[in-house]
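Reproduced below: my_file22.cif, with mmCIF, C-alpha atoms and all ligand atoms.
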```cif
data_upload
loop_
_atom_site.label_atom_id
_atom_site.label_comp_id
_atom_site.auth_asym_id
_atom_site.auth_seq_id
_atom_site.Cartn_x
_atom_site.Cartn_y
_atom_site.Cartn_z
CA MET A 1 49.37 84.05 222.39
CA ASP A 2 50.63 80.60 223.05
CA GLU A 3 53.67 79.95 220.91
CA ARG A 4 54.00 76.27 221.60
CA ARG A 5 53.25 73.80 218.89
CA LEU A 6 49.93 72.05 218.84
CA PRO A 7 49.93 68.26 218.62
CA ALA A 8 49.95 66.97 215.07
CA GLY A 9 46.46 66.58 213.69
CA SER A 10 44.89 68.32 216.65
CA GLN A 11 42.65 70.50 214.48
CA GLN A 12 41.15 67.41 212.92
CA PHE A 13 40.38 66.02 216.35
CA VAL A 14 38.68 69.27 217.34
CA ALA A 15 36.74 69.03 214.09
CA LEU A 16 35.77 65.47 215.05
CA ALA A 17 34.53 66.74 218.41
CA VAL A 18 32.41 69.34 216.62
CA LYS A 19 31.07 66.62 214.30
CA LEU A 20 30.10 64.52 217.32
CA ALA A 21 28.35 67.58 218.77
CA VAL A 22 26.37 68.17 215.58
CA GLU A 23 25.37 64.51 215.39
CA ASN A 24 24.33 64.68 219.03
CA VAL A 25 21.93 67.49 218.18
CA ASP A 26 20.44 65.29 215.47
CA ARG A 27 19.62 62.81 218.25
CA GLY A 28 17.86 65.52 220.23
CA GLN A 29 20.72 66.04 222.64
CA ARG A 30 22.86 69.03 223.49
CA PRO A 31 25.57 70.25 221.08
CA TYR A 32 28.65 69.01 222.87
CA GLY A 33 31.20 66.41 221.82
CA ALA A 34 34.74 65.56 222.90
CA VAL A 35 37.51 63.07 222.28
CA VAL A 36 40.60 62.07 224.24
CA VAL A 37 43.63 61.68 221.99
CA ARG A 38 46.92 59.94 222.69
CA ASP A 39 49.67 59.31 220.16
CA GLY A 40 47.43 60.53 217.38
CA GLU A 41 44.62 58.08 218.20
CA VAL A 42 41.24 58.56 219.81
CA ILE A 43 41.19 56.60 223.05
CA GLY A 44 37.95 58.04 224.39
CA GLU A 45 34.87 59.65 222.92
CA GLY A 46 31.91 61.34 224.51
CA VAL A 47 28.84 63.42 223.86
CA ASN A 48 26.51 65.23 226.22
CA THR A 49 23.69 62.91 227.29
CA VAL A 50 22.27 65.04 230.09
CA LEU A 51 18.80 65.15 228.52
CA ARG A 52 18.67 61.47 227.56
CA ASP A 53 19.97 60.18 230.87
CA GLY A 54 18.66 62.82 233.23
CA ASP A 55 22.21 63.01 234.53
CA PRO A 56 23.54 66.54 235.05
CA THR A 57 27.11 65.23 234.98
CA ALA A 58 26.85 63.46 231.61
CA HIS A 59 29.02 65.99 229.82
CA ALA A 60 31.00 65.19 226.68
CA GLU A 61 34.49 65.71 228.10
CA THR A 62 33.72 63.75 231.27
CA GLU A 63 32.28 60.88 229.23
CA ALA A 64 35.31 60.90 226.91
CA VAL A 65 37.74 60.80 229.85
CA ARG A 66 35.71 58.01 231.50
CA GLN A 67 35.82 55.93 228.32
CA ALA A 68 39.55 56.57 227.87
CA CYS A 69 40.25 55.44 231.44
CA GLN A 70 38.18 52.31 230.93
CA ARG A 71 39.85 51.48 227.62
CA THR A 72 43.38 52.06 228.87
CA GLY A 73 42.80 50.65 232.34
CA SER A 74 44.41 53.71 233.84
CA ARG A 75 43.32 56.92 235.54
CA ASP A 76 46.55 58.56 234.39
CA LEU A 77 46.05 60.07 230.95
CA SER A 78 49.00 62.43 231.22
CA GLU A 79 50.18 61.56 227.72
CA ALA A 80 46.80 62.46 226.23
CA TYR A 81 44.88 65.62 225.49
CA VAL A 82 41.21 66.47 225.11
CA ALA A 83 39.72 67.94 221.95
CA SER A 84 36.31 69.43 222.57
CA SER A 85 33.58 71.19 220.66
CA CYS A 86 33.55 74.05 223.14
CA LYS A 87 35.27 75.31 226.26
CA PRO A 88 34.79 72.70 229.00
CA CYS A 89 32.83 73.66 232.07
CA GLU A 90 34.47 73.72 235.49
CA MET A 91 33.42 70.13 236.23
CA CYS A 92 34.99 68.83 233.04
CA GLN A 93 38.11 70.91 233.63
CA ALA A 94 38.39 69.25 237.02
CA VAL A 95 37.86 65.81 235.48
CA THR A 96 40.62 66.37 232.95
CA ARG A 97 42.89 67.54 235.73
CA LEU A 98 42.10 64.47 237.84
CA ALA A 99 43.10 62.36 234.85
CA ARG A 100 46.34 64.36 234.63
CA ILE A 101 45.53 65.74 231.23
CA ASP A 102 47.30 69.05 230.80
CA LEU A 103 46.03 70.18 227.43
CA VAL A 104 42.50 70.82 226.25
CA LEU A 105 41.84 72.11 222.75
CA TYR A 106 38.42 73.35 221.83
CA ALA A 107 36.66 75.00 218.96
CA GLY A 108 36.85 78.74 219.10
CA LEU A 109 33.91 81.03 218.75
CA SER A 110 35.11 83.01 215.77
CA GLY A 111 34.48 81.20 212.54
CA GLY A 112 36.29 78.23 211.11
CA GLY A 113 33.14 76.22 210.56
CA PRO A 114 32.45 72.65 211.55
CA ASP A 115 34.97 71.18 209.11
CA LEU A 116 38.03 72.86 210.52
CA PRO A 117 37.20 75.06 213.45
CA ASP A 118 39.42 77.65 214.97
CA LEU A 119 41.24 76.37 217.99
CA ALA A 120 41.58 77.65 221.46
CA VAL A 121 43.71 76.10 224.15
CA LEU A 122 42.99 75.53 227.78
CA SER A 123 46.37 74.82 229.25
CA ALA A 124 47.12 73.05 232.43
CA PRO A 125 47.18 74.58 235.84
CA ASP A 126 50.28 74.37 237.94
CA PRO A 127 49.89 70.99 239.70
CA SER A 128 50.94 72.62 242.96
CA ALA A 129 48.21 75.25 242.74
CA GLN A 130 45.80 75.08 245.65
CA GLU A 131 42.94 76.72 243.83
CA PRO A 132 41.64 74.20 241.31
CA PHE A 133 41.13 76.57 238.44
CA ALA A 134 43.23 79.57 239.36
CA ARG A 135 46.03 78.76 236.97
CA PHE A 136 43.97 77.79 233.95
CA ALA A 137 44.76 80.09 231.09
CA LEU A 138 42.54 80.63 228.10
CA LEU A 139 44.49 81.42 224.99
CA GLU A 140 43.06 82.09 221.57
CA LEU A 141 45.10 80.71 218.73
CA PRO A 142 44.84 81.69 215.07
CA MET A 143 43.98 79.16 212.43
CA LEU A 144 47.01 77.34 211.16
CA ASP A 145 47.57 77.50 207.41
ZN ZN A 201 31.26 69.84 231.41
#
```
Output the structure of this file as structure tokens.
Amino acid sequence: MDERRLPAGSQQFVALAVKLAVENVDRGQRPYGAVVVRDGEVIGEGVNTVLRDGDPTAHAETEAVRQACQRTGSRDLSEAYVASSCKPCEMCQAVTRLARIDLVLYAGLSGGGPDLPDLAVLSAPDPSAQEPFARFALLELPMLD
């Protein structure tokens, strides 16, 4: 169990990511959405457009990080975190790491519903780790009251 505090409002941003995912399904796309959040504001937003674009890399988290970098004019998003509708794949984990994001929150699998999903945390690897994903830790967190 991770005892550290989650960023204020983070559950709402995960809920927003889930909402984006649901809306994406309504457009005939895959059920994945993500936002990049810094100082309590969304600075990047993305949905999976693999089917629409025929681009196997058009994942929600990658698109959200790309938009955040474009909006901020920086590849360094170390003050931000990602809220996602599900656990990011290895590519998206690598993308968040390249953008120096060290916290990814995503909707858990056990209930919560689309309005306020359970949260899980994908915490940062040790920057000195040689294996890209060896230090990622998946931690399930209970719903906050
Ligand atoms: Zn991905």
Counting only C-alpha atoms and all ligand atoms, which protein, DNA or RNA residues come within 9 Å of ligand ZN 201 (chain A), given as an mmCIF file with C-alpha atoms, in the coordinates of the input?
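Produced file part-v3.cif, reproduced below:
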```cif
data_model
loop_
_atom_site.group_PDB
_atom_site.id
_atom_site.type_symbol
_atom_site.label_atom_id
_atom_site.label_comp_id
_atom_site.auth_asym_id
_atom_site.auth_seq_id
_atom_site.Cartn_x
_atom_site.Cartn_y
_atom_site.Cartn_z
ATOM 1 C CA TYR A 32 28.650 69.010 222.870
ATOM 2 C CA ASN A 48 26.510 65.230 226.220
ATOM 3 C CA THR A 57 27.110 65.230 234.980
ATOM 4 C CA ALA A 58 26.850 63.460 231.610
ATOM 5 C CA HIS A 59 29.020 65.990 229.820
ATOM 6 C CA ALA A 60 31.000 65.190 226.680
ATOM 7 C CA GLU A 61 34.490 65.710 228.100
ATOM 8 C CA THR A 62 33.720 63.750 231.270
ATOM 9 C CA LYS A 87 35.270 75.310 226.260
ATOM 10 C CA PRO A 88 34.790 72.700 229.000
ATOM 11 C CA CYS A 89 32.830 73.660 232.070
ATOM 12 C CA GLU A 90 34.470 73.720 235.490
ATOM 13 C CA MET A 91 33.420 70.130 236.230
ATOM 14 C CA CYS A 92 34.990 68.830 233.040
ATOM 15 C CA GLN A 93 38.110 70.910 233.630
ATOM 16 C CA VAL A 95 37.860 65.810 235.480
#
```
Item to check | A:Ser78, A:Leu51, A:Ala107, A:Ile43 ranked by distance to Lys19 in chain A, top pick (using only C-alpha atoms) | outcome: A:Ala107
Next on the checklist: Between CA of Gly40 in chain A and CA of Asp76 in chain A, what distance in Å does the model show, to one decimal?
Outcome noted: 17.1 Å
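Between CA of Val25 in chain A and CA of Thr49 in chain A there is a distance of 10.3 Å.
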Quick one: contact table of range 65-103 of chain A to range 10-13 of chain A, 9 Å max, nearest atom pair and distance in Å to one decimal per residue, counting all atoms listed in the file, chain and number order, as JSON lines?
```
{"residue": "A:Val82", "atom": "CA", "partner": "A:Phe13", "partner_atom": "CA", "distance": 8.8}
{"residue": "A:Ala83", "atom": "CA", "partner": "A:Phe13", "partner_atom": "CA", "distance": 6.0}
{"residue": "A:Ser84", "atom": "CA", "partner": "A:Phe13", "partner_atom": "CA", "distance": 8.2}
```
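Reported to one decimal place, the separation of CA of Arg38 in chain A from CA of Glu79 in chain A is 6.2 Å.
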Next on the checklist: When you count all atoms listed in the file, which of these residues is closest to Val14 in chain A: A:Asp39, A:Glu45, A:Asp26, A:Asp102?
Outcome noted: A:Glu45
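For the choices A:Glu23, A:Pro7, A:Val47, A:Tyr106, the atom-to-atom distance to Ser85 in chain A is smallest for A:Tyr106 when using all atoms listed in the file.
Proximity ranking of A:Cys69, A:Val104, A:Ala34, A:Ala94 relative to Leu20 in chain A places A:Ala34 first, based on all atoms listed in the file.
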Checklist entry - Which of these residues is nearest to Arg97 in chain A, using all atoms listed in the file: A:Gln70, A:Ala21, A:Val65, A:Gly44? => result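 The closest residue to Arg97 in chain A is A:Val65.
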From the coordinates I just gave you, please extract range 50-74 of chain A so that only N, CA and C atoms remain, then output it as a tab-separated table (two decimals), in the first residue's frame.
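What ended up in out.tsv:
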```tsv
chain	number	residue	atom	x	y	z
A	50	VAL	N	-6.05	4.75	-32.54
A	50	VAL	CA	-5.39	3.72	-33.35
A	50	VAL	C	-6.24	3.31	-34.54
A	51	LEU	N	-7.52	3.07	-34.30
A	51	LEU	CA	-8.41	2.61	-35.38
A	51	LEU	C	-8.64	3.70	-36.41
A	52	ARG	N	-8.92	4.91	-35.94
A	52	ARG	CA	-9.20	6.02	-36.85
A	52	ARG	C	-8.00	6.37	-37.73
A	53	ASP	N	-6.82	6.38	-37.09
A	53	ASP	CA	-5.63	6.86	-37.78
A	53	ASP	C	-4.77	5.74	-38.37
A	54	GLY	N	-5.10	4.50	-38.03
A	54	GLY	CA	-4.25	3.41	-38.50
A	54	GLY	C	-2.84	3.53	-37.96
A	55	ASP	N	-2.74	4.11	-36.76
A	55	ASP	CA	-1.44	4.36	-36.15
A	55	ASP	C	-1.35	3.56	-34.85
A	56	PRO	N	-0.53	2.52	-34.83
A	56	PRO	CA	-0.47	1.68	-33.63
A	56	PRO	C	0.09	2.37	-32.41
A	57	THR	N	0.66	3.57	-32.59
A	57	THR	CA	1.20	4.29	-31.44
A	57	THR	C	0.26	5.38	-30.93
A	58	ALA	N	-0.90	5.50	-31.51
A	58	ALA	CA	-1.83	6.59	-31.14
A	58	ALA	C	-2.61	6.22	-29.88
A	59	HIS	N	-1.87	6.05	-28.79
A	59	HIS	CA	-2.47	5.70	-27.51
A	59	HIS	C	-2.80	6.96	-26.73
A	60	ALA	N	-3.76	6.85	-25.82
A	60	ALA	CA	-4.27	8.01	-25.09
A	60	ALA	C	-3.17	8.72	-24.30
A	61	GLU	N	-2.39	7.97	-23.54
A	61	GLU	CA	-1.39	8.61	-22.69
A	61	GLU	C	-0.32	9.30	-23.53
A	62	THR	N	0.10	8.63	-24.60
A	62	THR	CA	1.10	9.22	-25.49
A	62	THR	C	0.57	10.50	-26.12
A	63	GLU	N	-0.68	10.47	-26.56
A	63	GLU	CA	-1.28	11.67	-27.17
A	63	GLU	C	-1.40	12.79	-26.14
A	64	ALA	N	-1.76	12.45	-24.91
A	64	ALA	CA	-1.89	13.46	-23.86
A	64	ALA	C	-0.53	14.10	-23.54
A	65	VAL	N	0.51	13.27	-23.46
A	65	VAL	CA	1.85	13.81	-23.19
A	65	VAL	C	2.30	14.68	-24.37
A	66	ARG	N	2.06	14.22	-25.58
A	66	ARG	CA	2.44	15.01	-26.77
A	66	ARG	C	1.76	16.38	-26.74
A	67	GLN	N	0.47	16.40	-26.44
A	67	GLN	CA	-0.24	17.68	-26.40
A	67	GLN	C	0.29	18.56	-25.27
A	68	ALA	N	0.58	17.97	-24.12
A	68	ALA	CA	1.11	18.75	-23.00
A	68	ALA	C	2.46	19.36	-23.35
A	69	CYS	N	3.30	18.60	-24.02
A	69	CYS	CA	4.61	19.13	-24.43
A	69	CYS	C	4.45	20.27	-25.43
A	70	GLN	N	3.52	20.10	-26.35
A	70	GLN	CA	3.29	21.16	-27.33
A	70	GLN	C	2.75	22.42	-26.66
A	71	ARG	N	1.80	22.24	-25.76
A	71	ARG	CA	1.20	23.40	-25.09
A	71	ARG	C	2.18	24.14	-24.21
A	72	THR	N	3.03	23.38	-23.51
A	72	THR	CA	3.94	24.02	-22.57
A	72	THR	C	5.27	24.40	-23.23
A	73	GLY	N	5.52	23.87	-24.42
A	73	GLY	CA	6.78	24.15	-25.08
A	73	GLY	C	7.95	23.48	-24.42
A	74	SER	N	7.68	22.41	-23.69
A	74	SER	CA	8.75	21.74	-22.96
A	74	SER	C	8.56	20.23	-23.01
```
